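Beneath this line is the structure, given in structure tokens, with notes to follow.
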Amino acid sequence: MRAYVIGNVAVDETISVSSMPEAGASILGREETRDLGGKGANQAVVMSRTGLPTTLVTAVGEDFRAQTIRDQLAEEQLQAHLVTLAGRSSDFSIIFTTPDGENAIVTTTDSAGSLTLAAALAPLDSADVGDLVVLQGNLAEEVTRGLLAEAKRRALVTAFNPSPLRPYFADLWPLVDIAFLNKGEAESLAGSSGETAARRLMEAGVKQVVLTLGGQGSMLAVDGKPIITIPAVSTKAVDTTGAGDTFMAVALASAALRGIEIDARAIADASAAASLTVSRRGTRSAFPTREELKAILAG
Ligand code: ATP
């Protein structure tokens, strides 16, 4: 079993501010960290640290950030399939964090949005039936749609995190086996939250729905089974960047490594891993280590 995470990679610049800037304001901040980020890279890095064989398919530009991205990915035990886009800049994020652990993120998607369907599909030629294809919301619409459709045609398992939100996500559900949504995404795409949102997504064709609710925990819905709710693991949150990505990667890997579909234990493992991420500043540097994940997954 291998996971193919197809998505964006970015250089994350985290700036701490006393409160979020308002429109028109000029405020002072302090650079906290410069780190590897981007939802695709985040999910691939965490997944690979669980020991699940992982391929990251992503795009970088031709600029100084591309080398940072290559260097940081080389430190991880994942297969990085980087498509270099001539004349483009690599993607980056500016992350504002406040003392209470809240964050606001601006991400450029010049590279991710320029990845073509053909380039994104090429690495899937080596995929076996049942392998995971993991997508987020940063690729172009035709690439996201094409990848999901092609993955289903090849009997691969599709996991989708509709973030950042785009309106067209609402009709992708029949192509999605496992969906991960936070509260805002559920409200926007399912017009509701909690159990009602999960039921609506399953009616639209999703087989398993995982809803995350920040410090309030998470919920797993599987067609025909009672809904499972799991509390968050209590911790002092200092920076929630990458919490959802950690959660999704560990939930998928916990189940895949045991050769089963996502269950309560996978969600509990994901909650434990995400609580570590929120307790540290940064993105890649805040993710649980291989040793920490080994201990979590050993239960
Ligand atoms: P982000 O965009 O910040 O990466 P998200 O909005 O996608 O995250 P959340 O629902 O905020 O996702 O969080 C995902 C999971 O991370 C939660 O279900 C929970 O297990 C864990 N988590 C988030 N915030 C906290 C917190 N304050 N304390 C403990 N665990 C948390």
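Identifiers for the structure tokens are assigned positionally: chains receive A, B, ... in sequence, residues are indexed from 1 per chain, and ligands are indexed from 1 in the order shown.
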
>> Within 8 Å of ligand 1 (counting only C-alpha atoms and all ligand atoms), which residues show up? I'd like them as a ChimeraX atom specification.
In response: /A:101,103,163,181-184,211-218,231-237,239-247,270-276,278-279

Could you please take those selected residues and save N, CA, C and O atoms as a short mmCIF file (atom, residue, chain, number, x, y, z; two decimals), in the first residue's frame?
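selection.cif, written as the output of this step:
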```
data_model
loop_
_atom_site.label_atom_id
_atom_site.label_comp_id
_atom_site.auth_asym_id
_atom_site.auth_seq_id
_atom_site.Cartn_x
_atom_site.Cartn_y
_atom_site.Cartn_z
N GLY A 101 -2.97 31.54 19.86
CA GLY A 101 -2.83 30.35 19.01
C GLY A 101 -3.67 30.39 17.74
O GLY A 101 -3.67 29.45 16.95
N ASN A 103 -4.70 31.50 13.89
CA ASN A 103 -3.86 31.86 12.76
C ASN A 103 -4.71 32.32 11.57
O ASN A 103 -5.89 32.04 11.48
N SER A 163 -9.89 22.10 0.94
CA SER A 163 -9.30 23.30 1.53
C SER A 163 -8.08 23.72 0.71
O SER A 163 -7.25 22.86 0.41
N LEU A 181 -13.24 17.41 6.47
CA LEU A 181 -13.63 18.82 6.43
C LEU A 181 -13.56 19.42 7.83
O LEU A 181 -13.91 18.75 8.81
N ASN A 182 -13.15 20.68 7.91
CA ASN A 182 -13.25 21.36 9.20
C ASN A 182 -14.64 22.02 9.27
O ASN A 182 -15.46 21.88 8.35
N LYS A 183 -14.89 22.73 10.37
CA LYS A 183 -16.24 23.26 10.60
C LYS A 183 -16.68 24.20 9.48
O LYS A 183 -17.77 24.07 8.93
N GLY A 184 -15.80 25.13 9.10
CA GLY A 184 -16.16 26.11 8.09
C GLY A 184 -16.41 25.45 6.73
O GLY A 184 -17.34 25.83 6.01
N LEU A 211 -15.18 14.87 10.20
CA LEU A 211 -15.34 16.31 10.46
C LEU A 211 -14.45 16.67 11.63
O LEU A 211 -14.50 16.01 12.67
N THR A 212 -13.65 17.72 11.46
CA THR A 212 -12.81 18.17 12.58
C THR A 212 -13.37 19.48 13.12
O THR A 212 -13.91 20.30 12.38
N LEU A 213 -13.24 19.62 14.43
CA LEU A 213 -13.86 20.76 15.12
C LEU A 213 -12.86 21.45 16.02
O LEU A 213 -13.18 21.83 17.14
N GLY A 214 -11.61 21.59 15.55
CA GLY A 214 -10.58 22.26 16.34
C GLY A 214 -10.44 21.62 17.72
O GLY A 214 -10.43 20.39 17.85
N GLY A 215 -10.37 22.46 18.75
CA GLY A 215 -10.22 21.97 20.13
C GLY A 215 -11.41 21.17 20.63
O GLY A 215 -11.35 20.56 21.69
N GLN A 216 -12.51 21.19 19.84
CA GLN A 216 -13.69 20.41 20.25
C GLN A 216 -13.62 18.96 19.77
O GLN A 216 -14.52 18.17 20.06
N GLY A 217 -12.59 18.62 19.00
CA GLY A 217 -12.42 17.21 18.61
C GLY A 217 -12.86 16.92 17.19
O GLY A 217 -12.74 17.77 16.30
N SER A 218 -13.41 15.74 16.97
CA SER A 218 -13.74 15.32 15.62
C SER A 218 -14.82 14.26 15.62
O SER A 218 -15.21 13.74 16.66
N PRO A 231 -13.05 13.23 21.36
CA PRO A 231 -12.60 14.54 21.85
C PRO A 231 -11.18 14.84 21.40
O PRO A 231 -10.41 13.91 21.11
N ALA A 232 -10.82 16.12 21.37
CA ALA A 232 -9.43 16.48 21.09
C ALA A 232 -8.58 16.09 22.30
O ALA A 232 -9.10 15.96 23.40
N VAL A 233 -7.30 15.87 22.07
CA VAL A 233 -6.39 15.60 23.19
C VAL A 233 -5.97 16.96 23.74
O VAL A 233 -5.42 17.79 23.02
N SER A 234 -6.27 17.18 25.00
CA SER A 234 -6.07 18.50 25.59
C SER A 234 -4.59 18.90 25.62
O SER A 234 -3.73 18.11 26.02
N THR A 235 -4.32 20.10 25.16
CA THR A 235 -2.94 20.61 25.16
C THR A 235 -2.98 22.13 25.15
O THR A 235 -4.04 22.71 24.89
N LYS A 236 -1.85 22.77 25.39
CA LYS A 236 -1.80 24.23 25.27
C LYS A 236 -1.47 24.54 23.81
O LYS A 236 -0.34 24.31 23.37
N ALA A 237 -2.47 25.04 23.08
CA ALA A 237 -2.26 25.31 21.65
C ALA A 237 -1.49 26.62 21.48
O ALA A 237 -1.91 27.65 21.99
N ASP A 239 0.05 27.25 18.15
CA ASP A 239 0.03 27.54 16.72
C ASP A 239 -0.68 26.37 16.03
O ASP A 239 -0.16 25.26 15.99
N THR A 240 -1.88 26.65 15.51
CA THR A 240 -2.67 25.54 14.95
C THR A 240 -2.34 25.23 13.49
O THR A 240 -2.97 24.36 12.89
N THR A 241 -1.35 25.91 12.91
CA THR A 241 -0.99 25.64 11.51
C THR A 241 -0.70 24.15 11.32
O THR A 241 0.10 23.57 12.05
N GLY A 242 -1.34 23.57 10.32
CA GLY A 242 -1.05 22.17 9.98
C GLY A 242 -1.77 21.15 10.85
O GLY A 242 -1.58 19.94 10.69
N ALA A 243 -2.66 21.62 11.75
CA ALA A 243 -3.38 20.67 12.62
C ALA A 243 -4.25 19.74 11.77
O ALA A 243 -4.23 18.52 11.92
N GLY A 244 -5.01 20.34 10.85
CA GLY A 244 -5.89 19.54 10.01
C GLY A 244 -5.10 18.60 9.10
O GLY A 244 -5.52 17.46 8.86
N ASP A 245 -3.97 19.05 8.61
CA ASP A 245 -3.14 18.20 7.73
C ASP A 245 -2.56 17.02 8.51
O ASP A 245 -2.53 15.89 8.02
N THR A 246 -2.07 17.30 9.72
CA THR A 246 -1.55 16.22 10.56
C THR A 246 -2.65 15.20 10.83
O THR A 246 -2.45 13.99 10.71
N PHE A 247 -3.81 15.74 11.18
CA PHE A 247 -4.94 14.88 11.53
C PHE A 247 -5.30 13.96 10.36
O PHE A 247 -5.42 12.74 10.51
N ALA A 270 -5.09 10.16 15.18
CA ALA A 270 -4.99 11.46 14.49
C ALA A 270 -5.10 12.61 15.49
O ALA A 270 -4.37 13.61 15.39
N SER A 271 -5.99 12.46 16.47
CA SER A 271 -6.17 13.52 17.48
C SER A 271 -4.91 13.67 18.32
O SER A 271 -4.49 14.80 18.63
N ALA A 272 -4.30 12.56 18.69
CA ALA A 272 -3.07 12.61 19.49
C ALA A 272 -1.96 13.30 18.69
O ALA A 272 -1.24 14.16 19.21
N ALA A 273 -1.85 12.95 17.42
CA ALA A 273 -0.80 13.54 16.58
C ALA A 273 -1.04 15.03 16.37
O ALA A 273 -0.12 15.85 16.48
N ALA A 274 -2.31 15.41 16.11
CA ALA A 274 -2.62 16.83 15.86
C ALA A 274 -2.40 17.67 17.12
O ALA A 274 -2.01 18.83 17.04
N SER A 275 -2.60 17.07 18.29
CA SER A 275 -2.39 17.83 19.53
C SER A 275 -0.91 18.17 19.68
O SER A 275 -0.57 19.21 20.25
N LEU A 276 -0.03 17.33 19.18
CA LEU A 276 1.41 17.65 19.22
C LEU A 276 1.70 18.82 18.27
O LEU A 276 2.44 19.75 18.62
N VAL A 278 -0.25 21.27 17.30
CA VAL A 278 -0.74 22.57 17.78
C VAL A 278 0.04 23.08 18.99
O VAL A 278 -0.02 24.25 19.33
N SER A 279 0.78 22.18 19.63
CA SER A 279 1.53 22.59 20.83
C SER A 279 2.88 23.21 20.49
O SER A 279 3.62 23.61 21.39
#
```

>> Residues within 10 Å of Leu201 of chain A, please, as a PyMOL selection string. Count only C-alpha atoms; anything in the same chain fewer than 6 positions from it doesn't count.
In response: chain A and resi 170+173-174+176+179+186+189-190+195+207-209+221

Restricting the output to N, CA, C and O atoms, write the selected residues as a PDB file, in the first residue's frame.
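part16.pdb, written as the output of this step:
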```
ATOM      1  N   ALA A 170     -18.383  21.247  -4.481  1.00  0.00           N
ATOM      2  CA  ALA A 170     -19.677  20.681  -4.106  1.00  0.00           C
ATOM      3  C   ALA A 170     -20.131  19.556  -5.026  1.00  0.00           C
ATOM      4  O   ALA A 170     -20.920  18.710  -4.614  1.00  0.00           O
ATOM      5  N   TRP A 173     -18.257  15.143  -4.870  1.00  0.00           N
ATOM      6  CA  TRP A 173     -18.446  14.104  -3.845  1.00  0.00           C
ATOM      7  C   TRP A 173     -18.602  12.678  -4.375  1.00  0.00           C
ATOM      8  O   TRP A 173     -18.096  11.736  -3.760  1.00  0.00           O
ATOM      9  N   PRO A 174     -19.274  12.451  -5.514  1.00  0.00           N
ATOM     10  CA  PRO A 174     -19.383  11.064  -5.985  1.00  0.00           C
ATOM     11  C   PRO A 174     -18.019  10.429  -6.291  1.00  0.00           C
ATOM     12  O   PRO A 174     -17.905   9.206  -6.381  1.00  0.00           O
ATOM     13  N   VAL A 176     -15.349  10.886  -4.364  1.00  0.00           N
ATOM     14  CA  VAL A 176     -14.557  10.903  -3.132  1.00  0.00           C
ATOM     15  C   VAL A 176     -14.942   9.738  -2.225  1.00  0.00           C
ATOM     16  O   VAL A 176     -16.108   9.568  -1.883  1.00  0.00           O
ATOM     17  N   ALA A 179     -13.755  11.906   2.923  1.00  0.00           N
ATOM     18  CA  ALA A 179     -13.661  13.372   2.945  1.00  0.00           C
ATOM     19  C   ALA A 179     -13.300  13.836   4.344  1.00  0.00           C
ATOM     20  O   ALA A 179     -13.809  13.301   5.333  1.00  0.00           O
ATOM     21  N   ALA A 186     -17.436  22.360   6.244  1.00  0.00           N
ATOM     22  CA  ALA A 186     -18.704  21.612   6.320  1.00  0.00           C
ATOM     23  C   ALA A 186     -19.876  22.574   6.162  1.00  0.00           C
ATOM     24  O   ALA A 186     -20.826  22.297   5.410  1.00  0.00           O
ATOM     25  N   LEU A 189     -19.903  23.778   2.411  1.00  0.00           N
ATOM     26  CA  LEU A 189     -20.155  22.797   1.344  1.00  0.00           C
ATOM     27  C   LEU A 189     -21.353  21.888   1.617  1.00  0.00           C
ATOM     28  O   LEU A 189     -21.928  21.320   0.688  1.00  0.00           O
ATOM     29  N   ALA A 190     -21.710  21.729   2.895  1.00  0.00           N
ATOM     30  CA  ALA A 190     -22.853  20.859   3.207  1.00  0.00           C
ATOM     31  C   ALA A 190     -23.976  21.683   3.835  1.00  0.00           C
ATOM     32  O   ALA A 190     -25.006  21.129   4.225  1.00  0.00           O
ATOM     33  N   GLU A 195     -23.479  16.111  12.530  1.00  0.00           N
ATOM     34  CA  GLU A 195     -24.088  14.912  11.948  1.00  0.00           C
ATOM     35  C   GLU A 195     -24.852  15.206  10.650  1.00  0.00           C
ATOM     36  O   GLU A 195     -24.785  14.437   9.688  1.00  0.00           O
ATOM     37  N   LYS A 207     -18.100   7.941   0.967  1.00  0.00           N
ATOM     38  CA  LYS A 207     -18.288   6.717   1.766  1.00  0.00           C
ATOM     39  C   LYS A 207     -17.998   6.949   3.246  1.00  0.00           C
ATOM     40  O   LYS A 207     -18.678   6.422   4.112  1.00  0.00           O
ATOM     41  N   GLN A 208     -16.933   7.716   3.525  1.00  0.00           N
ATOM     42  CA  GLN A 208     -16.577   8.009   4.916  1.00  0.00           C
ATOM     43  C   GLN A 208     -16.361   9.510   5.057  1.00  0.00           C
ATOM     44  O   GLN A 208     -15.658  10.103   4.238  1.00  0.00           O
ATOM     45  N   VAL A 209     -16.933  10.087   6.103  1.00  0.00           N
ATOM     46  CA  VAL A 209     -16.772  11.530   6.317  1.00  0.00           C
ATOM     47  C   VAL A 209     -16.132  11.758   7.688  1.00  0.00           C
ATOM     48  O   VAL A 209     -16.590  11.209   8.689  1.00  0.00           O
ATOM     49  N   ALA A 221     -18.075   9.541  10.338  1.00  0.00           N
ATOM     50  CA  ALA A 221     -19.352   9.004   9.879  1.00  0.00           C
ATOM     51  C   ALA A 221     -19.101   8.007   8.754  1.00  0.00           C
ATOM     52  O   ALA A 221     -18.406   8.323   7.787  1.00  0.00           O
TER      53      ALA A 221
END
```

> So which residues touch segment 87-89 of chain A within 8 Å, counting only C-alpha atoms, skipping near sequence neighbours fewer than 4 positions away, as a list of chain:residue names?
Replying inline: A:Val60, A:Gly61, A:Glu62, A:Asp63, A:Arg65, A:Asp110, A:Ser111

>> If we count only C-alpha atoms and set the cut-off at 9 Å, which residues sit around Met248 of chain A, ignoring sequence neighbours fewer than 6 positions away in its own chain? Please answer as a ChimeraX atom specification.
In response: /A:43,47,161,180,210,267,270

> Which residues, written as an NGL selection string, have at least one atom at most 9 Å from Ser93 of chain A, with only C-alpha atoms counted and residues fewer than 3 positions away on the same chain left out?
Replying inline: :A and (10-14 or 37-38 or 105-108)

Dump of N, CA, C and O atoms for the selected residues, as a PDB file, in the first residue's frame:
```pdb
ATOM      1  N   ALA A  10       4.827  24.721  -0.262  1.00  0.00           N
ATOM      2  CA  ALA A  10       5.073  26.163  -0.123  1.00  0.00           C
ATOM      3  C   ALA A  10       6.124  26.395   0.942  1.00  0.00           C
ATOM      4  O   ALA A  10       6.366  25.543   1.783  1.00  0.00           O
ATOM      5  N   VAL A  11       6.753  27.546   0.854  1.00  0.00           N
ATOM      6  CA  VAL A  11       7.626  27.958   1.946  1.00  0.00           C
ATOM      7  C   VAL A  11       6.763  28.813   2.875  1.00  0.00           C
ATOM      8  O   VAL A  11       6.152  29.791   2.432  1.00  0.00           O
ATOM      9  N   ASP A  12       6.668  28.397   4.129  1.00  0.00           N
ATOM     10  CA  ASP A  12       5.815  29.096   5.107  1.00  0.00           C
ATOM     11  C   ASP A  12       6.620  30.111   5.901  1.00  0.00           C
ATOM     12  O   ASP A  12       7.614  29.764   6.532  1.00  0.00           O
ATOM     13  N   GLU A  13       6.165  31.340   5.901  1.00  0.00           N
ATOM     14  CA  GLU A  13       6.773  32.376   6.739  1.00  0.00           C
ATOM     15  C   GLU A  13       5.766  32.680   7.837  1.00  0.00           C
ATOM     16  O   GLU A  13       4.673  33.179   7.553  1.00  0.00           O
ATOM     17  N   THR A  14       6.103  32.355   9.076  1.00  0.00           N
ATOM     18  CA  THR A  14       5.177  32.608  10.181  1.00  0.00           C
ATOM     19  C   THR A  14       5.565  33.887  10.912  1.00  0.00           C
ATOM     20  O   THR A  14       6.712  34.047  11.331  1.00  0.00           O
ATOM     21  N   GLY A  37       5.975  24.135   4.057  1.00  0.00           N
ATOM     22  CA  GLY A  37       4.543  23.990   4.297  1.00  0.00           C
ATOM     23  C   GLY A  37       3.807  23.741   3.000  1.00  0.00           C
ATOM     24  O   GLY A  37       4.375  23.246   2.029  1.00  0.00           O
ATOM     25  N   GLY A  38       2.543  24.113   2.969  1.00  0.00           N
ATOM     26  CA  GLY A  38       1.688  23.786   1.824  1.00  0.00           C
ATOM     27  C   GLY A  38       0.951  22.514   2.190  1.00  0.00           C
ATOM     28  O   GLY A  38       1.561  21.557   2.683  1.00  0.00           O
ATOM     29  N   ILE A 105      -3.952  32.672   7.228  1.00  0.00           N
ATOM     30  CA  ILE A 105      -2.939  32.266   6.256  1.00  0.00           C
ATOM     31  C   ILE A 105      -3.260  32.813   4.873  1.00  0.00           C
ATOM     32  O   ILE A 105      -4.408  32.747   4.426  1.00  0.00           O
ATOM     33  N   VAL A 106      -2.253  33.366   4.200  1.00  0.00           N
ATOM     34  CA  VAL A 106      -2.392  33.753   2.792  1.00  0.00           C
ATOM     35  C   VAL A 106      -1.401  32.897   2.016  1.00  0.00           C
ATOM     36  O   VAL A 106      -0.207  32.874   2.334  1.00  0.00           O
ATOM     37  N   THR A 107      -1.886  32.153   1.014  1.00  0.00           N
ATOM     38  CA  THR A 107      -1.017  31.252   0.255  1.00  0.00           C
ATOM     39  C   THR A 107      -1.052  31.607  -1.219  1.00  0.00           C
ATOM     40  O   THR A 107      -2.136  31.831  -1.766  1.00  0.00           O
ATOM     41  N   THR A 108       0.099  31.634  -1.873  1.00  0.00           N
ATOM     42  CA  THR A 108       0.096  31.802  -3.327  1.00  0.00           C
ATOM     43  C   THR A 108       0.038  30.400  -3.954  1.00  0.00           C
ATOM     44  O   THR A 108       0.568  29.440  -3.390  1.00  0.00           O
TER      45      THR A 108
END
```

>> as a PyMOL selection string, please: every residue in segment 3-198 of chain A that a backbone DSSP assignment puts in alpha helix (DSSP H).
In response: chain A and resi 39-49+64-74+117-121+141-153+183-190+194-198

Output N, CA and C atoms for every residue in that selection, as a compact mmCIF listing (two decimals), in the first residue's frame.
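Output contents, as saved in result-v3.txt:
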```
# COMPACT_ATOMS: atom_id res chain seq x y z
N LYS A 39 -0.34 22.49 1.96
CA LYS A 39 -1.14 21.36 2.45
C LYS A 39 -0.69 20.01 1.88
N GLY A 40 -0.32 20.00 0.60
CA GLY A 40 0.12 18.74 0.00
C GLY A 40 1.38 18.23 0.69
N ALA A 41 2.37 19.11 0.81
CA ALA A 41 3.63 18.71 1.46
C ALA A 41 3.39 18.33 2.91
N ASN A 42 2.57 19.10 3.61
CA ASN A 42 2.29 18.79 5.02
C ASN A 42 1.77 17.37 5.17
N GLN A 43 0.76 17.06 4.39
CA GLN A 43 0.13 15.75 4.52
C GLN A 43 1.11 14.64 4.14
N ALA A 44 1.90 14.88 3.09
CA ALA A 44 2.87 13.85 2.67
C ALA A 44 3.96 13.66 3.72
N VAL A 45 4.45 14.74 4.29
CA VAL A 45 5.52 14.64 5.28
C VAL A 45 5.03 13.84 6.50
N VAL A 46 3.86 14.20 7.00
CA VAL A 46 3.35 13.50 8.19
C VAL A 46 3.08 12.03 7.85
N MET A 47 2.49 11.81 6.71
CA MET A 47 2.17 10.43 6.32
C MET A 47 3.44 9.59 6.22
N SER A 48 4.46 10.16 5.61
CA SER A 48 5.70 9.38 5.46
C SER A 48 6.33 9.11 6.83
N ARG A 49 6.16 10.04 7.76
CA ARG A 49 6.74 9.82 9.10
C ARG A 49 6.03 8.70 9.86
N PHE A 64 14.57 31.02 -5.85
CA PHE A 64 15.32 30.67 -4.65
C PHE A 64 14.54 29.77 -3.71
N ARG A 65 13.21 29.86 -3.74
CA ARG A 65 12.43 29.03 -2.82
C ARG A 65 12.46 27.55 -3.23
N ALA A 66 12.63 27.28 -4.53
CA ALA A 66 12.62 25.89 -4.99
C ALA A 66 13.72 25.08 -4.32
N GLN A 67 14.88 25.72 -4.12
CA GLN A 67 16.00 24.99 -3.49
C GLN A 67 15.70 24.69 -2.03
N THR A 68 15.09 25.67 -1.33
CA THR A 68 14.67 25.43 0.06
C THR A 68 13.73 24.23 0.12
N ILE A 69 12.80 24.20 -0.81
CA ILE A 69 11.82 23.11 -0.85
C ILE A 69 12.52 21.77 -1.09
N ARG A 70 13.42 21.72 -2.07
CA ARG A 70 14.14 20.47 -2.36
C ARG A 70 14.94 20.02 -1.14
N ASP A 71 15.65 20.95 -0.52
CA ASP A 71 16.49 20.60 0.63
C ASP A 71 15.66 20.04 1.77
N GLN A 72 14.54 20.70 2.04
CA GLN A 72 13.73 20.25 3.19
C GLN A 72 13.06 18.90 2.89
N LEU A 73 12.60 18.71 1.66
CA LEU A 73 11.97 17.42 1.33
C LEU A 73 12.98 16.29 1.37
N ALA A 74 14.24 16.61 1.03
CA ALA A 74 15.29 15.58 1.01
C ALA A 74 15.54 15.02 2.41
N LEU A 117 -2.74 18.17 -15.63
CA LEU A 117 -3.29 16.85 -15.30
C LEU A 117 -2.33 15.74 -15.74
N ALA A 118 -1.74 15.90 -16.92
CA ALA A 118 -0.82 14.85 -17.42
C ALA A 118 0.37 14.69 -16.47
N ALA A 119 0.93 15.81 -16.01
CA ALA A 119 2.08 15.72 -15.11
C ALA A 119 1.69 15.15 -13.76
N ALA A 120 0.50 15.49 -13.31
CA ALA A 120 0.05 15.00 -12.00
C ALA A 120 -0.28 13.51 -12.05
N LEU A 121 -0.74 13.06 -13.22
CA LEU A 121 -1.16 11.65 -13.36
C LEU A 121 0.02 10.71 -13.55
N GLU A 141 -8.97 23.34 -11.15
CA GLU A 141 -10.20 22.54 -11.13
C GLU A 141 -10.11 21.30 -12.02
N GLU A 142 -9.64 21.46 -13.27
CA GLU A 142 -9.64 20.31 -14.17
C GLU A 142 -8.66 19.24 -13.70
N VAL A 143 -7.63 19.65 -12.97
CA VAL A 143 -6.65 18.67 -12.48
C VAL A 143 -7.25 17.90 -11.30
N THR A 144 -7.87 18.60 -10.38
CA THR A 144 -8.51 17.94 -9.23
C THR A 144 -9.59 16.96 -9.72
N ARG A 145 -10.43 17.46 -10.59
CA ARG A 145 -11.53 16.65 -11.12
C ARG A 145 -10.98 15.45 -11.89
N GLY A 146 -9.99 15.70 -12.73
CA GLY A 146 -9.41 14.64 -13.57
C GLY A 146 -8.71 13.59 -12.73
N LEU A 147 -7.99 14.02 -11.70
CA LEU A 147 -7.29 13.08 -10.83
C LEU A 147 -8.27 12.18 -10.08
N LEU A 148 -9.31 12.79 -9.54
CA LEU A 148 -10.30 11.99 -8.80
C LEU A 148 -10.95 10.96 -9.72
N ALA A 149 -11.34 11.42 -10.92
CA ALA A 149 -12.01 10.51 -11.85
C ALA A 149 -11.09 9.38 -12.28
N GLU A 150 -9.84 9.71 -12.56
CA GLU A 150 -8.89 8.70 -13.02
C GLU A 150 -8.54 7.73 -11.89
N ALA A 151 -8.42 8.26 -10.68
CA ALA A 151 -8.13 7.40 -9.53
C ALA A 151 -9.26 6.39 -9.33
N LYS A 152 -10.49 6.85 -9.45
CA LYS A 152 -11.63 5.93 -9.30
C LYS A 152 -11.62 4.89 -10.41
N ARG A 153 -11.30 5.32 -11.63
CA ARG A 153 -11.27 4.38 -12.76
C ARG A 153 -10.24 3.29 -12.53
N LYS A 183 -14.89 22.73 10.37
CA LYS A 183 -16.24 23.26 10.60
C LYS A 183 -16.68 24.20 9.48
N GLY A 184 -15.80 25.13 9.10
CA GLY A 184 -16.16 26.11 8.09
C GLY A 184 -16.41 25.45 6.73
N GLU A 185 -15.60 24.45 6.41
CA GLU A 185 -15.78 23.76 5.13
C GLU A 185 -17.11 22.99 5.12
N ALA A 186 -17.44 22.36 6.24
CA ALA A 186 -18.70 21.61 6.32
C ALA A 186 -19.88 22.57 6.16
N GLU A 187 -19.80 23.70 6.86
CA GLU A 187 -20.92 24.66 6.77
C GLU A 187 -21.07 25.20 5.36
N SER A 188 -19.95 25.46 4.71
CA SER A 188 -20.01 26.03 3.38
C SER A 188 -20.43 24.99 2.31
N LEU A 189 -19.90 23.78 2.41
CA LEU A 189 -20.15 22.80 1.34
C LEU A 189 -21.35 21.89 1.62
N ALA A 190 -21.71 21.73 2.89
CA ALA A 190 -22.85 20.86 3.21
C ALA A 190 -23.98 21.68 3.84
N GLY A 194 -21.63 19.12 11.88
CA GLY A 194 -21.92 17.92 12.65
C GLY A 194 -22.58 16.82 11.84
N GLU A 195 -23.48 16.11 12.53
CA GLU A 195 -24.09 14.91 11.95
C GLU A 195 -24.85 15.21 10.65
N THR A 196 -25.56 16.34 10.62
CA THR A 196 -26.34 16.66 9.41
C THR A 196 -25.41 16.83 8.22
N ALA A 197 -24.28 17.50 8.42
CA ALA A 197 -23.33 17.69 7.32
C ALA A 197 -22.80 16.34 6.86
N ALA A 198 -22.46 15.49 7.80
CA ALA A 198 -21.92 14.17 7.44
C ALA A 198 -22.94 13.38 6.62
```
